[in-house]
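Below you'll find the structure, written out as structure tokens, and then a few comments.
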Amino acid sequence: MNALSSRIESTPLLKVDGLTKWYGHILGCRDVSFDMRAGEVLGIVGESGSGKTTLLNCVSGKLPPSAGSIQFETSRFGMSDIYAMSEPDRRRMQREDWGFVHQNPRDGLRMRVSGGANVAEPMMSLGGRHYGKMRQATIDWLERVEFDTGRIDDRPANFSGGMQQRIQVARNLIHGPKLVFMDEPTGGLDVSVQARLLDLLRELVRDLRLAVMIVTHDMAVARLMADRLMVMKSGQVVETGLTDQVLDDPQHPYTQILVSSVLQI
Amino acid sequence: MSVQTGSNNAPERYYNYAYLDEQTKRMIRRAILKALAIPGYQVPFGSREMPVPYGWGTGGIQLTAAIVGPDDVYKCIDQGADDTTNAVSIRQFFAKVADVETTEDTSEATIIQSRHRVPEKPLKAGQVMVLQVPQPEPLRFLEPRETETRAMHAYEEYGLQYVALYERVARVGRINAGAGHPVMVEERYLMSPSPIPAFDNPKLGFSEAIYLLGAGREKRIYAVPPYTRVRSLDFEDHPFAVQTWDENCALCGADDAYLDEVVLDDQGAKMYVCSDSHHCAERREAGHVGPMAGHQLAQAEKEPAQ
Ligand SMILES: Nc1ncnc2c1ncn2[C@@H]1O[C@H](COP(=O)(O)OP(=O)(O)OP(=O)(O)O)[C@@H](O)[C@H]1O
Ligand SMILES: [Mg+2]
């Protein structure tokens, strides 16, 4: 925990203010405000339907909120309200500065092209036009995520769930993003695969000084990955604080139930 | 493209001249003008039912119907040949509904409709090349969402097209352009010259002629006006290259034409001949001979196509 905190920088990278999302009359999330700093890992926990995915999608530019603002320290324009940017600027910023690891690899991968092409795509989206260089970078990244490079040209459908997730991770880190969103990145995997992938993610995040906003309902994942936690219930944030604080000394009654009911570590 | 004046046909003939009604032709012409004004941009149009099934050139037929006049000379090819069933029936169709003169001679034609090839003889000013397109969207294979591909064109986000090229190099070691190799038009719009072979891609750039491309089922028209820059996509370390053959045409000896492989028997004997049948015949008439010049295939092609 202390080792992790030392890499967090003091300048805010992301500022979320009064974020509310209604699906018609159904509440997604309400009045959520928080900051994130460069290199910080923020965990969003809460039961099913509490609004975690809604929050993540709003913040990551996929889902325009009903109210509130999201500002991000973009490489091109500095601190900017992401929904006030023009669509092409926002899309480019998303390609350059962000990554998004989906729970289901099918949502995050192109199933019709090889694993290698999936990993290389972000380089091409940012103007890479030298095959040999991109191929080498792809191989380097596959090694980094402990993926058998002999299978670089196979389609994702022929990979196990763990392998697909490794491809997705490589694809979302290869272009050097500042902030990566993750929605239950180890959710669909069996326990042993999950443990190794989490270790790997944690190492990568530390080495790359990445900021990560990670959604999970697994307290063990939260403990392992996150510097700070936000606990959500019925669309609202009920508790927020340093991970160890929240898990070891939960204040809100809902957090107490959440922690005591699942936390066996 | 000539206008419908000076015809010797009775005026009432023109109520449905060239099969389509006047409003439809006007609508298609508007789409053509827009396509010419924005080279490479796919213009949506109200594609009509035609008397042939989708996949048989309904996009090309509608383009021809919209621009043809009785003074035009019309050529239609399928693959490179003038005498295949589809080419013959489309040619007969326009001879009947548009009273248009037909030809196999590339240099005589004012409108040339084609499915797979651009003729070998360089096109000239005043000629219109009409291409029948099955899939106008080059990004469709990788991105099935229409909303997303539209945004990609609007914002010039063409990195995804390189993913397809990357995949090809990874599999076969080179760009290995086949049919429909994607091009950038005037460095602005990504365009599929589907389904012509990469061999014909260079003909699209800085041509004297107009290229019109029509997709009937997908309801899109796009165009390359004369003297337009057209660049075939490639990588810095894997440059675009057209197909080449070790052989020359067995009939006319051409060493710079697109060749088809013809299997001669079940012992594996084969010959290579020009896919552009008229080009080949013209060369033979001019005295060019290939290694199998007297072959019966050359005789068959002497028969008139109609
Ligand atoms: N597209 C939608 N249309 C209508 N309601 C939605 C939509 N998406 C989510 N909701 C509702 O918004 C609320 C929050 O859902 P959300 O998916 O954000 O929860 P979650 O915390 O991610 O749950 P889970 O852990 O199951 O993934 C729920 O009541 C849900 O039914
Ligand atoms: Mg969710």
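How things are named: the first chain in the structure tokens is A, the next is B, and so on; residues count from 1 in each chain; ligands count from 1 in the order shown.
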Item to check | Expected answer as a VMD selection string: chain A residues within 10 Å of chain B, only C-alpha atoms | outcome: chain A and resid 87 to 89 91 to 92 110 to 135 152 to 153
Requested write-out: N, CA and C atoms of the selected residues, as an mmCIF file, in the first residue's frame:
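Full text of out.cif as output:
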```
data_model
loop_
_atom_site.group_PDB
_atom_site.id
_atom_site.type_symbol
_atom_site.label_atom_id
_atom_site.label_comp_id
_atom_site.auth_asym_id
_atom_site.auth_seq_id
_atom_site.Cartn_x
_atom_site.Cartn_y
_atom_site.Cartn_z
ATOM 1 N N GLU A 87 -16.708 15.629 -31.122
ATOM 2 C CA GLU A 87 -16.669 14.167 -31.148
ATOM 3 C C GLU A 87 -15.341 13.623 -31.689
ATOM 4 N N PRO A 88 -14.826 14.166 -32.833
ATOM 5 C CA PRO A 88 -13.533 13.627 -33.304
ATOM 6 C C PRO A 88 -12.404 13.851 -32.305
ATOM 7 N N ASP A 89 -12.399 15.004 -31.626
ATOM 8 C CA ASP A 89 -11.355 15.236 -30.620
ATOM 9 C C ASP A 89 -11.477 14.250 -29.468
ATOM 10 N N ARG A 91 -12.877 11.262 -29.522
ATOM 11 C CA ARG A 91 -12.512 9.912 -29.980
ATOM 12 C C ARG A 91 -10.994 9.766 -30.077
ATOM 13 N N ARG A 92 -10.336 10.810 -30.562
ATOM 14 C CA ARG A 92 -8.884 10.745 -30.676
ATOM 15 C C ARG A 92 -8.246 10.691 -29.291
ATOM 16 N N ARG A 110 -11.566 -7.701 -31.487
ATOM 17 C CA ARG A 110 -12.126 -7.978 -32.813
ATOM 18 C C ARG A 110 -11.931 -9.461 -33.061
ATOM 19 N N MET A 111 -13.055 -10.177 -33.071
ATOM 20 C CA MET A 111 -12.976 -11.627 -33.135
ATOM 21 C C MET A 111 -12.579 -12.136 -34.526
ATOM 22 N N ARG A 112 -12.679 -11.267 -35.540
ATOM 23 C CA ARG A 112 -12.419 -11.743 -36.901
ATOM 24 C C ARG A 112 -10.957 -11.635 -37.313
ATOM 25 N N VAL A 113 -10.143 -10.974 -36.498
ATOM 26 C CA VAL A 113 -8.718 -10.914 -36.840
ATOM 27 C C VAL A 113 -7.899 -11.533 -35.715
ATOM 28 N N SER A 114 -6.647 -11.839 -35.997
ATOM 29 C CA SER A 114 -5.792 -12.573 -35.076
ATOM 30 C C SER A 114 -5.544 -11.796 -33.782
ATOM 31 N N GLY A 115 -5.074 -12.535 -32.763
ATOM 32 C CA GLY A 115 -4.695 -11.907 -31.510
ATOM 33 C C GLY A 115 -3.644 -10.827 -31.746
ATOM 34 N N GLY A 116 -2.659 -11.150 -32.590
ATOM 35 C CA GLY A 116 -1.593 -10.189 -32.878
ATOM 36 C C GLY A 116 -2.131 -8.908 -33.496
ATOM 37 N N ALA A 117 -3.048 -9.043 -34.441
ATOM 38 C CA ALA A 117 -3.621 -7.852 -35.093
ATOM 39 C C ALA A 117 -4.417 -7.033 -34.078
ATOM 40 N N ASN A 118 -5.085 -7.708 -33.141
ATOM 41 C CA ASN A 118 -5.809 -6.999 -32.087
ATOM 42 C C ASN A 118 -4.861 -6.145 -31.244
ATOM 43 N N VAL A 119 -3.715 -6.714 -30.931
ATOM 44 C CA VAL A 119 -2.756 -5.977 -30.099
ATOM 45 C C VAL A 119 -2.128 -4.827 -30.885
ATOM 46 N N ALA A 120 -1.940 -5.036 -32.195
ATOM 47 C CA ALA A 120 -1.273 -4.015 -33.020
ATOM 48 C C ALA A 120 -2.212 -2.872 -33.421
ATOM 49 N N GLU A 121 -3.516 -3.122 -33.354
ATOM 50 C CA GLU A 121 -4.469 -2.121 -33.861
ATOM 51 C C GLU A 121 -4.271 -0.711 -33.280
ATOM 52 N N PRO A 122 -4.102 -0.566 -31.951
ATOM 53 C CA PRO A 122 -3.951 0.804 -31.435
ATOM 54 C C PRO A 122 -2.775 1.549 -32.061
ATOM 55 N N MET A 123 -1.701 0.831 -32.397
ATOM 56 C CA MET A 123 -0.567 1.508 -33.035
ATOM 57 C C MET A 123 -0.975 2.035 -34.405
ATOM 58 N N MET A 124 -1.745 1.231 -35.132
ATOM 59 C CA MET A 124 -2.182 1.657 -36.464
ATOM 60 C C MET A 124 -3.174 2.813 -36.361
ATOM 61 N N SER A 125 -4.022 2.765 -35.326
ATOM 62 C CA SER A 125 -4.985 3.853 -35.129
ATOM 63 C C SER A 125 -4.269 5.164 -34.834
ATOM 64 N N LEU A 126 -3.064 5.066 -34.288
ATOM 65 C CA LEU A 126 -2.308 6.283 -33.983
ATOM 66 C C LEU A 126 -1.276 6.568 -35.072
ATOM 67 N N GLY A 127 -1.444 5.939 -36.242
ATOM 68 C CA GLY A 127 -0.621 6.317 -37.391
ATOM 69 C C GLY A 127 0.541 5.386 -37.701
ATOM 70 N N GLY A 128 0.688 4.288 -36.967
ATOM 71 C CA GLY A 128 1.764 3.334 -37.258
ATOM 72 C C GLY A 128 1.598 2.741 -38.645
ATOM 73 N N ARG A 129 2.655 2.805 -39.473
ATOM 74 C CA ARG A 129 2.567 2.304 -40.843
ATOM 75 C C ARG A 129 3.755 1.423 -41.202
ATOM 76 N N HIS A 130 4.505 1.001 -40.182
ATOM 77 C CA HIS A 130 5.653 0.133 -40.436
ATOM 78 C C HIS A 130 5.347 -1.234 -39.838
ATOM 79 N N TYR A 131 5.092 -2.190 -40.706
ATOM 80 C CA TYR A 131 4.671 -3.506 -40.247
ATOM 81 C C TYR A 131 5.683 -4.126 -39.286
ATOM 82 N N GLY A 132 6.946 -4.147 -39.697
ATOM 83 C CA GLY A 132 7.979 -4.835 -38.923
ATOM 84 C C GLY A 132 8.096 -4.288 -37.506
ATOM 85 N N LYS A 133 8.044 -2.965 -37.380
ATOM 86 C CA LYS A 133 8.153 -2.361 -36.051
ATOM 87 C C LYS A 133 6.955 -2.714 -35.188
ATOM 88 N N MET A 134 5.771 -2.690 -35.819
ATOM 89 C CA MET A 134 4.558 -2.982 -35.036
ATOM 90 C C MET A 134 4.520 -4.452 -34.642
ATOM 91 N N ARG A 135 5.000 -5.288 -35.538
ATOM 92 C CA ARG A 135 5.054 -6.722 -35.246
ATOM 93 C C ARG A 135 5.944 -6.968 -34.026
ATOM 94 N N ILE A 152 0.433 -16.073 -31.920
ATOM 95 C CA ILE A 152 0.156 -14.675 -32.248
ATOM 96 C C ILE A 152 -0.835 -14.525 -33.409
ATOM 97 N N ASP A 153 -0.784 -15.465 -34.364
ATOM 98 C CA ASP A 153 -1.632 -15.314 -35.546
ATOM 99 C C ASP A 153 -2.942 -16.113 -35.477
#
```
Checklist entry - Using only C-alpha atoms, which residues sit within 8 Å of Phe206 of chain B once same-chain residues fewer than 3 positions away are excluded, as a list of chain:residue names? => result B:Lys203, B:Pro226, B:Tyr227, B:Thr228, B:Arg229, B:Val230
Can I get the selected residues back with N, CA and C atoms, as an mmCIF file, in the first residue's frame?
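See out20.cif below for the written result:
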```cif
data_model
loop_
_atom_site.group_PDB
_atom_site.id
_atom_site.type_symbol
_atom_site.label_atom_id
_atom_site.label_comp_id
_atom_site.auth_asym_id
_atom_site.auth_seq_id
_atom_site.Cartn_x
_atom_site.Cartn_y
_atom_site.Cartn_z
ATOM 1 N N LYS B 203 -4.957 2.142 -62.422
ATOM 2 C CA LYS B 203 -5.679 2.766 -63.535
ATOM 3 C C LYS B 203 -6.656 3.838 -63.042
ATOM 4 N N PRO B 226 -12.107 12.454 -63.121
ATOM 5 C CA PRO B 226 -10.827 12.450 -63.840
ATOM 6 C C PRO B 226 -9.741 13.167 -63.052
ATOM 7 N N TYR B 227 -8.526 12.770 -63.279
ATOM 8 C CA TYR B 227 -7.338 13.411 -62.695
ATOM 9 C C TYR B 227 -7.411 13.513 -61.180
ATOM 10 N N THR B 228 -7.792 12.433 -60.555
ATOM 11 C CA THR B 228 -7.878 12.375 -59.096
ATOM 12 C C THR B 228 -6.753 11.486 -58.568
ATOM 13 N N ARG B 229 -6.187 11.900 -57.423
ATOM 14 C CA ARG B 229 -5.158 11.063 -56.798
ATOM 15 C C ARG B 229 -5.801 9.845 -56.144
ATOM 16 N N VAL B 230 -5.297 8.674 -56.445
ATOM 17 C CA VAL B 230 -5.794 7.443 -55.841
ATOM 18 C C VAL B 230 -4.578 6.640 -55.387
#
```
Next on the checklist: Quick check, in Å to one decimal: how far apart do atom CA of Asp83 of chain B and atom CA of Glu218 of chain B lie?
Outcome noted: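 Spanning atom CA of Asp83 of chain B to atom CA of Glu218 of chain B is a straight-line distance of 27.3 Å.
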Item to check | strand (DSSP E) call set, DSSP backbone run, segment 68-145 of chain B, as an MDAnalysis selection string | outcome: chainID B and resid 73:77 101:102 111:114 128:132
Checklist entry - Within 8 Å of ligand 1, counting only C-alpha atoms and all ligand atoms: which residues, as a count of residues only? => result 24
Checklist entry - For the atom pair atom CA of Lys219 of chain B and atom CA of Pro44 of chain B, what is the interatomic distance in Å to one decimal place? => result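 Taking atom CA of Lys219 of chain B and atom CA of Pro44 of chain B, their separation equals 5.7 Å.
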Can you tell me which residues surround His175 of chain A at a distance of at most 9 Å, considering only C-alpha atoms, apart from same-chain residues fewer than 3 positions away, and format the answer as an mmCIF file with C-alpha atoms, in the first residue's frame?
```cif
data_model
loop_
_atom_site.group_PDB
_atom_site.id
_atom_site.type_symbol
_atom_site.label_atom_id
_atom_site.label_comp_id
_atom_site.auth_asym_id
_atom_site.auth_seq_id
_atom_site.Cartn_x
_atom_site.Cartn_y
_atom_site.Cartn_z
ATOM 1 C CA ARG A 95 -7.505 6.377 -28.553
ATOM 2 C CA GLU A 96 -4.412 8.243 -27.386
ATOM 3 C CA ASP A 97 -4.834 8.602 -23.639
ATOM 4 C CA TRP A 98 -7.135 5.813 -22.543
ATOM 5 C CA GLY A 99 -7.662 2.086 -22.567
ATOM 6 C CA PRO A 122 -3.951 0.804 -31.435
ATOM 7 C CA MET A 123 -0.567 1.508 -33.035
ATOM 8 C CA LEU A 126 -2.308 6.283 -33.983
ATOM 9 C CA ARG A 171 -4.154 -4.201 -26.659
ATOM 10 C CA ASN A 172 -5.116 -1.587 -24.099
#
```
Next on the checklist: Using DSSP secondary structure from the backbone, list all helix (DSSP H, G or I) positions within segment 62-256 of chain B, as a ChimeraX atom specification.
Outcome noted: /B:62-67,85-97,146-154,159-172,198-204
Checklist entry - Using only C-alpha atoms, which residue out of A:Leu242, A:Ile70, A:Leu189, A:Val221 lies closest to Ala84 of chain A? => result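 Checking each candidate against Ala84 of chain A, we get A:Ile70 as the closest.
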Next on the checklist: Please report the interatomic distance between atom CA of Met85 of chain A and atom CA of Gln168 of chain A in Å with one decimal.
Outcome noted: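 Atom CA of Met85 of chain A sits 27.1 Å away from atom CA of Gln168 of chain A.
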Next on the checklist: So that I can see what lies close to Arg196 of chain A, please list as a list in words the residues with an atom at most 12 Å from it, counting only C-alpha atoms and leaving out residues fewer than 4 positions away in the same chain.
Outcome noted: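 Final neighbour list, sorted by chain and number: Val145, Glu146, Gly162, Met163, Gln165, Arg166, Thr186, Leu189, Asp190, Val191, Ser192, Leu200, Leu201, Arg202, Glu203, Val221 and Leu224 of chain A.
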Any chance you can output those residues with N, CA and C atoms as a PDB file, in the first residue's frame?
```pdb
ATOM      1  N   VAL A 145       2.679  -9.864 -21.239  1.00  0.00           N
ATOM      2  CA  VAL A 145       1.456 -10.362 -20.603  1.00  0.00           C
ATOM      3  C   VAL A 145       1.450 -11.894 -20.539  1.00  0.00           C
ATOM      4  N   GLU A 146       2.627 -12.481 -20.741  1.00  0.00           N
ATOM      5  CA  GLU A 146       2.810 -13.933 -20.609  1.00  0.00           C
ATOM      6  C   GLU A 146       1.884 -14.717 -21.522  1.00  0.00           C
ATOM      7  N   GLY A 162      -8.580 -16.819 -20.241  1.00  0.00           N
ATOM      8  CA  GLY A 162      -7.424 -16.134 -19.681  1.00  0.00           C
ATOM      9  C   GLY A 162      -6.543 -15.539 -20.776  1.00  0.00           C
ATOM     10  N   MET A 163      -6.370 -16.307 -21.860  1.00  0.00           N
ATOM     11  CA  MET A 163      -5.550 -15.816 -22.984  1.00  0.00           C
ATOM     12  C   MET A 163      -6.221 -14.617 -23.648  1.00  0.00           C
ATOM     13  N   GLN A 165      -8.133 -12.486 -22.252  1.00  0.00           N
ATOM     14  CA  GLN A 165      -7.989 -11.328 -21.382  1.00  0.00           C
ATOM     15  C   GLN A 165      -6.572 -10.764 -21.466  1.00  0.00           C
ATOM     16  N   ARG A 166      -5.581 -11.616 -21.633  1.00  0.00           N
ATOM     17  CA  ARG A 166      -4.207 -11.128 -21.786  1.00  0.00           C
ATOM     18  C   ARG A 166      -4.070 -10.318 -23.073  1.00  0.00           C
ATOM     19  N   THR A 186     -11.269  -9.633 -14.352  1.00  0.00           N
ATOM     20  CA  THR A 186     -10.998 -11.045 -14.109  1.00  0.00           C
ATOM     21  C   THR A 186     -12.279 -11.799 -13.781  1.00  0.00           C
ATOM     22  N   LEU A 189     -13.124 -15.515 -15.109  1.00  0.00           N
ATOM     23  CA  LEU A 189     -12.038 -16.497 -15.146  1.00  0.00           C
ATOM     24  C   LEU A 189     -12.047 -17.397 -13.922  1.00  0.00           C
ATOM     25  N   ASP A 190     -11.460 -18.591 -14.081  1.00  0.00           N
ATOM     26  CA  ASP A 190     -11.400 -19.444 -12.897  1.00  0.00           C
ATOM     27  C   ASP A 190     -10.287 -18.969 -11.957  1.00  0.00           C
ATOM     28  N   VAL A 191     -10.359 -19.439 -10.723  1.00  0.00           N
ATOM     29  CA  VAL A 191      -9.622 -18.792  -9.645  1.00  0.00           C
ATOM     30  C   VAL A 191      -8.107 -18.737  -9.855  1.00  0.00           C
ATOM     31  N   SER A 192      -7.513 -19.841 -10.357  1.00  0.00           N
ATOM     32  CA  SER A 192      -6.059 -19.841 -10.502  1.00  0.00           C
ATOM     33  C   SER A 192      -5.619 -18.877 -11.599  1.00  0.00           C
ATOM     34  N   LEU A 200      -0.249  -9.991 -12.522  1.00  0.00           N
ATOM     35  CA  LEU A 200       0.318  -9.391 -13.720  1.00  0.00           C
ATOM     36  C   LEU A 200      -0.173  -7.955 -13.891  1.00  0.00           C
ATOM     37  N   LEU A 201      -1.480  -7.782 -13.743  1.00  0.00           N
ATOM     38  CA  LEU A 201      -2.065  -6.449 -13.879  1.00  0.00           C
ATOM     39  C   LEU A 201      -1.442  -5.491 -12.875  1.00  0.00           C
ATOM     40  N   ARG A 202      -1.277  -5.995 -11.654  1.00  0.00           N
ATOM     41  CA  ARG A 202      -0.738  -5.132 -10.613  1.00  0.00           C
ATOM     42  C   ARG A 202       0.695  -4.706 -10.935  1.00  0.00           C
ATOM     43  N   GLU A 203       1.486  -5.649 -11.429  1.00  0.00           N
ATOM     44  CA  GLU A 203       2.862  -5.320 -11.810  1.00  0.00           C
ATOM     45  C   GLU A 203       2.891  -4.285 -12.938  1.00  0.00           C
ATOM     46  N   VAL A 221     -10.147  -8.736  -5.155  1.00  0.00           N
ATOM     47  CA  VAL A 221      -9.605  -7.977  -6.279  1.00  0.00           C
ATOM     48  C   VAL A 221      -9.377  -6.532  -5.860  1.00  0.00           C
ATOM     49  N   LEU A 224      -6.319  -6.201  -3.660  1.00  0.00           N
ATOM     50  CA  LEU A 224      -5.065  -6.418  -4.373  1.00  0.00           C
ATOM     51  C   LEU A 224      -4.712  -5.256  -5.298  1.00  0.00           C
TER      52      LEU A 224
END
```
Checklist entry - Nearest to Pro65 of chain A among A:Gln164, A:Thr20, A:Gln103, A:Ser260, with distances taken over only C-alpha atoms: which residue is it? => result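 Closest residue, counting only C-alpha atoms: A:Thr20.
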Next on the checklist: Show me, as a PyMOL selection string, the residues that have an atom within 10 Å of Gly216 of chain B when counting only C-alpha atoms, minus same-chain residues fewer than 5 positions from it.
Outcome noted: chain B and resi 45-50+53-63+132-136+221
Next on the checklist: For a quick check of understanding, using only C-alpha atoms, which of B:Val263, B:Ala37, B:Ala250, B:Val130 has the smallest distance to Ala293 of chain B?
Outcome noted: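 Using only C-alpha atoms, the shortest distance to Ala293 of chain B belongs to B:Ala250.
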Next on the checklist: Between B:Met27, B:Ile111, B:Ile38, B:Ala125, which residue has the minimum interatomic distance to Arg188 of chain B, considering only C-alpha atoms?
Outcome noted: B:Ile38
